[in-house]
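Scroll down for the structure; my scribbles are underneath it.
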Amino acid sequence: MSEVHDCSDPATRAAAVEAAAAAVRAGELVVLPTDTVYGIGCDAFDADAVASVLVTKGRGRDMPPPVLIPTARTAHGLATHIPDYATTLMERFWPGPLTLVLEAQTSLHWDLGETNGTVALRVPADDVALELLGEIGPMAVTSANTTGEPAARTVAEAEAMLGEAVAVYLDAGEMRSHEPSTIVDCTGPAPVTLRQGALPQADIDAALAPEPPVSPPESPESGQQPAL
């Protein structure tokens with residue numbers, strides 16, 4: 001049976017995060033708050049758990065989940081050939097609602113799905129999420145909803161869609177954002193915005209001036225789609 005833990009009270013939050021960490025270590029799924037919407041996630045290096053996330057959402061391997069990380073420094077262990085403009089975006093907007101698609105380290109023993117050799121990374125600006133990531137390390141996390149339904153902004157909404165497929169729900173109240181993160185592809189010589197989200201394009205352009213991102217493509221390539 002699923003457990004719901006209140007994270008709004010500092011007195012109980014540590015125990016809530018530890019319960020979620022124990023579930024992740026056991027290969028189970030958890031729902032956690034982020035600075036955008038609630039996410040469903042697991043250990044990024046547990047292939048069976050990642051597959052369970054996709055099945056629970058009703059999503060195929062062609063839409064792999066992004067990976068949430070505790071610090072920008074972690075990105076250098078997961079990605080390679082990180083361009084200077086990507087480093088600029090990390091320094092300016094992490095933690096925050098920006099997902100960067102980068103070339104993945106080929107030596108990593110994980111299976112996120114059909115990623116085309118890339119990984120979508122983000123450091124969320126949420127204390128509960130960062131505490132859990134600090135305990136677990138990189139987590140494969142995507143929005144806590146079934147495919148085709150709106151992203152959950154409350155634990156009740158997430159639980160109504162995902163039910164007992166999730167072992168632990170971390171309840172931090174209603175999320176303040178209606179939008180998922182903005183996604184920027186950083187695998188080429190210039191950044192390409194794949195999805196407009198909570199971070200405005202104008203802010204990205206200003207951070208990268210005088211070389212703003214090129215126009216978004218008509219649709220993201222497989223392996224660069226879902227993000228939180």
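Ordered as shown in the structure tokens, chains take letters A, B, and onward, while each chain numbers its residues from 1 and ligands are numbered from 1 in the order shown.
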Leaving out A:Pro200 and any residue of its chain fewer than 5 positions from it, which residues lie within 10 Å of it when counting only C-alpha atoms, given as an NGL selection string? :A and (97-98 or 181-182 or 205)
Picked from stretch 27-135 of chain A by DSSP as helix (DSSP H, G or I), as a PyMOL selection string: chain A and resi 47-57+72-78+84-93+127-135
Per residue of stretch 82-179 of chain A within 8 Å of stretch 47-62 of chain A, what are the shortest atom pair and its distance in Å to one decimal, counting only C-alpha atoms, with rows by chain and residue number, as a tab-separated table?
```
residue	atom	partner	partner_atom	distance
A:Trp110	CA	A:Ala47	CA	6.2
A:Asp111	CA	A:Ala47	CA	5.3
A:Leu112	CA	A:Val50	CA	6.4
A:Gly113	CA	A:Arg61	CA	4.5
A:Glu114	CA	A:Asp62	CA	5.1
A:Thr115	CA	A:Asp62	CA	7.5
A:Ala140	CA	A:Val50	CA	6.8
A:Ala144	CA	A:Lys57	CA	7.8
A:Asn145	CA	A:Lys57	CA	6.3
A:Thr146	CA	A:Lys57	CA	4.3
A:Thr147	CA	A:Lys57	CA	5.6
A:Leu162	CA	A:Thr56	CA	6.8
A:Ala165	CA	A:Thr56	CA	6.8
```
Residues from the last selection, C-alpha atoms, saved as a short mmCIF file (atom, residue, chain, number, x, y, z; two decimals), in the first residue's frame:
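result-v6.cif, written as the output of this step:
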```
data_model
loop_
_atom_site.label_atom_id
_atom_site.label_comp_id
_atom_site.auth_asym_id
_atom_site.auth_seq_id
_atom_site.Cartn_x
_atom_site.Cartn_y
_atom_site.Cartn_z
CA TRP A 110 21.98 2.81 -17.27
CA ASP A 111 19.01 2.38 -19.59
CA LEU A 112 16.67 5.36 -19.78
CA GLY A 113 15.14 4.29 -23.09
CA GLU A 114 15.87 5.36 -26.64
CA THR A 115 17.92 8.46 -25.87
CA ALA A 140 14.93 9.54 -13.57
CA ALA A 144 3.47 12.60 -12.23
CA ASN A 145 0.56 11.86 -14.51
CA THR A 146 -0.60 9.26 -16.99
CA THR A 147 0.06 10.07 -20.62
CA LEU A 162 -0.87 6.63 -10.45
CA ALA A 165 2.14 1.81 -8.56
#
```
Would you please extract all strand (DSSP E) residues from chain A, as assigned by DSSP on the backbone, and give them as a VMD selection string? chain A and resid 3 to 6 30 to 32 39 to 43 67 to 68 79 to 80 98 to 104 118 to 122 139 to 143 168 to 171 182 to 185 192 to 195
Restricting the output to N, CA and C atoms, write the selected residues as a tab-separated table (two decimals), in the first residue's frame.
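Output file result_20.tsv follows:
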```
chain	number	residue	atom	x	y	z
A	3	GLU	N	2.39	4.94	0.68
A	3	GLU	CA	2.50	5.82	1.84
A	3	GLU	C	2.50	7.26	1.36
A	4	VAL	N	1.78	8.13	2.08
A	4	VAL	CA	1.78	9.56	1.80
A	4	VAL	C	2.42	10.26	2.99
A	5	HIS	N	3.48	11.01	2.74
A	5	HIS	CA	4.22	11.69	3.81
A	5	HIS	C	4.12	13.20	3.64
A	6	ASP	N	3.82	13.87	4.74
A	6	ASP	CA	3.72	15.33	4.75
A	6	ASP	C	5.11	15.94	4.84
A	30	VAL	N	8.60	6.70	-6.56
A	30	VAL	CA	8.13	7.73	-5.62
A	30	VAL	C	7.60	8.91	-6.41
A	31	VAL	N	6.70	9.65	-5.77
A	31	VAL	CA	6.25	10.93	-6.30
A	31	VAL	C	6.83	12.02	-5.42
A	32	LEU	N	7.44	13.02	-6.04
A	32	LEU	CA	8.12	14.08	-5.30
A	32	LEU	C	7.76	15.44	-5.87
A	39	GLY	N	6.56	15.15	-9.75
A	39	GLY	CA	7.20	14.20	-10.64
A	39	GLY	C	7.12	12.79	-10.07
A	40	ILE	N	7.16	11.80	-10.96
A	40	ILE	CA	7.28	10.40	-10.57
A	40	ILE	C	8.68	9.95	-10.96
A	41	GLY	N	9.39	9.32	-10.01
A	41	GLY	CA	10.78	9.01	-10.31
A	41	GLY	C	11.32	7.80	-9.60
A	42	CYS	N	12.57	7.49	-9.94
A	42	CYS	CA	13.27	6.33	-9.39
A	42	CYS	C	14.77	6.55	-9.57
A	43	ASP	N	15.55	5.60	-9.09
A	43	ASP	CA	16.99	5.62	-9.29
A	43	ASP	C	17.28	5.56	-10.79
A	67	VAL	N	16.60	13.35	-16.21
A	67	VAL	CA	17.28	12.99	-14.97
A	67	VAL	C	17.46	14.24	-14.12
A	68	LEU	N	16.95	14.18	-12.90
A	68	LEU	CA	17.16	15.27	-11.94
A	68	LEU	C	18.43	14.99	-11.15
A	79	ALA	N	27.37	13.75	-18.40
A	79	ALA	CA	27.38	14.27	-19.77
A	79	ALA	C	28.82	14.55	-20.21
A	80	THR	N	29.01	14.61	-21.51
A	80	THR	CA	30.32	14.90	-22.08
A	80	THR	C	30.19	15.98	-23.14
A	98	LEU	N	14.79	24.65	-15.88
A	98	LEU	CA	15.45	24.54	-17.18
A	98	LEU	C	16.05	23.14	-17.31
A	99	THR	N	15.67	22.43	-18.37
A	99	THR	CA	16.22	21.11	-18.68
A	99	THR	C	17.15	21.24	-19.86
A	100	LEU	N	18.37	20.72	-19.71
A	100	LEU	CA	19.36	20.78	-20.78
A	100	LEU	C	19.60	19.39	-21.34
A	101	VAL	N	19.47	19.25	-22.65
A	101	VAL	CA	19.77	17.99	-23.32
A	101	VAL	C	21.23	18.01	-23.74
A	102	LEU	N	22.00	17.04	-23.24
A	102	LEU	CA	23.43	16.98	-23.47
A	102	LEU	C	23.84	15.60	-23.97
A	103	GLU	N	25.05	15.49	-24.50
A	103	GLU	CA	25.57	14.19	-24.89
A	103	GLU	C	25.90	13.40	-23.63
A	104	ALA	N	25.40	12.16	-23.55
A	104	ALA	CA	25.61	11.34	-22.36
A	104	ALA	C	26.98	10.67	-22.38
A	118	THR	N	21.83	10.81	-25.76
A	118	THR	CA	21.73	12.06	-25.01
A	118	THR	C	21.14	11.80	-23.63
A	119	VAL	N	21.21	12.82	-22.78
A	119	VAL	CA	20.54	12.78	-21.49
A	119	VAL	C	20.01	14.18	-21.20
A	120	ALA	N	18.78	14.25	-20.69
A	120	ALA	CA	18.16	15.52	-20.33
A	120	ALA	C	18.34	15.73	-18.83
A	121	LEU	N	19.05	16.78	-18.43
A	121	LEU	CA	19.40	17.01	-17.04
A	121	LEU	C	18.78	18.29	-16.49
A	122	ARG	N	18.48	18.25	-15.17
A	122	ARG	CA	17.96	19.46	-14.52
A	122	ARG	C	18.25	19.40	-13.03
A	139	MET	N	18.22	10.89	-10.34
A	139	MET	CA	16.94	10.18	-10.42
A	139	MET	C	16.28	10.44	-11.77
A	140	ALA	N	15.74	9.39	-12.37
A	140	ALA	CA	14.93	9.54	-13.57
A	140	ALA	C	13.55	9.99	-13.13
A	141	VAL	N	13.17	11.19	-13.52
A	141	VAL	CA	11.92	11.79	-13.03
A	141	VAL	C	11.19	12.46	-14.18
A	142	THR	N	9.92	12.14	-14.32
A	142	THR	CA	9.07	12.79	-15.30
A	142	THR	C	7.78	13.21	-14.61
A	143	SER	N	6.95	13.97	-15.27
A	143	SER	CA	5.76	14.51	-14.62
A	143	SER	C	4.85	13.40	-14.10
A	168	VAL	N	5.80	5.65	-2.41
A	168	VAL	CA	5.81	6.77	-1.47
A	168	VAL	C	5.46	8.06	-2.22
A	169	TYR	N	4.54	8.81	-1.66
A	169	TYR	CA	4.18	10.14	-2.15
A	169	TYR	C	4.68	11.18	-1.14
A	170	LEU	N	5.46	12.13	-1.61
A	170	LEU	CA	5.93	13.23	-0.77
A	170	LEU	C	5.04	14.44	-1.02
A	171	ASP	N	4.25	14.81	-0.02
A	171	ASP	CA	3.26	15.87	-0.16
A	171	ASP	C	3.83	17.18	0.37
A	182	THR	N	11.41	24.47	-19.21
A	182	THR	CA	11.82	24.76	-20.58
A	182	THR	C	12.96	23.80	-20.94
A	183	ILE	N	12.93	23.28	-22.17
A	183	ILE	CA	13.96	22.33	-22.61
A	183	ILE	C	14.83	22.98	-23.67
A	184	VAL	N	16.15	22.90	-23.49
A	184	VAL	CA	17.09	23.43	-24.47
A	184	VAL	C	18.07	22.32	-24.87
A	185	ASP	N	18.17	22.08	-26.16
A	185	ASP	CA	19.10	21.10	-26.70
A	185	ASP	C	20.48	21.74	-26.78
A	192	VAL	N	19.34	25.08	-28.94
A	192	VAL	CA	18.05	25.04	-29.63
A	192	VAL	C	16.96	24.80	-28.59
A	193	THR	N	16.02	25.70	-28.48
A	193	THR	CA	14.92	25.53	-27.54
A	193	THR	C	13.91	24.53	-28.11
A	194	LEU	N	13.77	23.40	-27.42
A	194	LEU	CA	12.86	22.35	-27.88
A	194	LEU	C	11.45	22.54	-27.36
A	195	ARG	N	11.33	23.10	-26.17
A	195	ARG	CA	10.01	23.32	-25.59
A	195	ARG	C	10.02	24.56	-24.73
```
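With only C-alpha atoms as the atoms that count, the residue of A:Thr12, A:Leu228, A:Arg176, A:Leu108 with the shortest distance to A:Gly197 is A:Leu228.
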Nearest to A:Ala14: which of A:Asp127, A:Glu174, A:Glu159, A:Asp35 is it, counting only C-alpha atoms? A:Asp127
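Atom pair atom CA of A:Pro138 / atom CA of A:Ala44 has a distance of 5.7 Å (rounded to one decimal).
The spacing separating atom CA of A:His178 from atom CA of A:Ala129 amounts to 17.8 Å.
Using only C-alpha atoms, the smallest distance between any of A:Ala16, A:Ala21, A:Leu133, A:Ile82 and A:Pro70 comes from A:Leu133.
Every protein or nucleic acid residue with an atom no more than 8 Å from stretch 91-96 of chain A, counting only C-alpha atoms and leaving out same-chain residues fewer than 4 positions away, appears here: Asp35, Thr71, Ala72, Thr87, Arg122, Val123, Pro124, Ala125 and Ala207 of chain A.
Distance annotation: of A:Ser2, A:Thr36, A:Ser8, A:Asn116, the residue with the minimal separation from A:Ser177 is A:Thr36; atom set is only C-alpha atoms.
Nearest residue to A:His109 among A:Ala75, A:Phe45, A:Gly137, A:Gly163 is A:Phe45, counting only C-alpha atoms.
The gap separating atom CA of A:Gly148 from atom CA of A:Glu179 is 15.0 Å, in Å to one decimal.
With only C-alpha atoms as the atoms that count, the minimum distance from A:Val166 to the choices A:Leu89, A:Ala23, A:Leu29, A:Ala198 is reached by A:Leu29.
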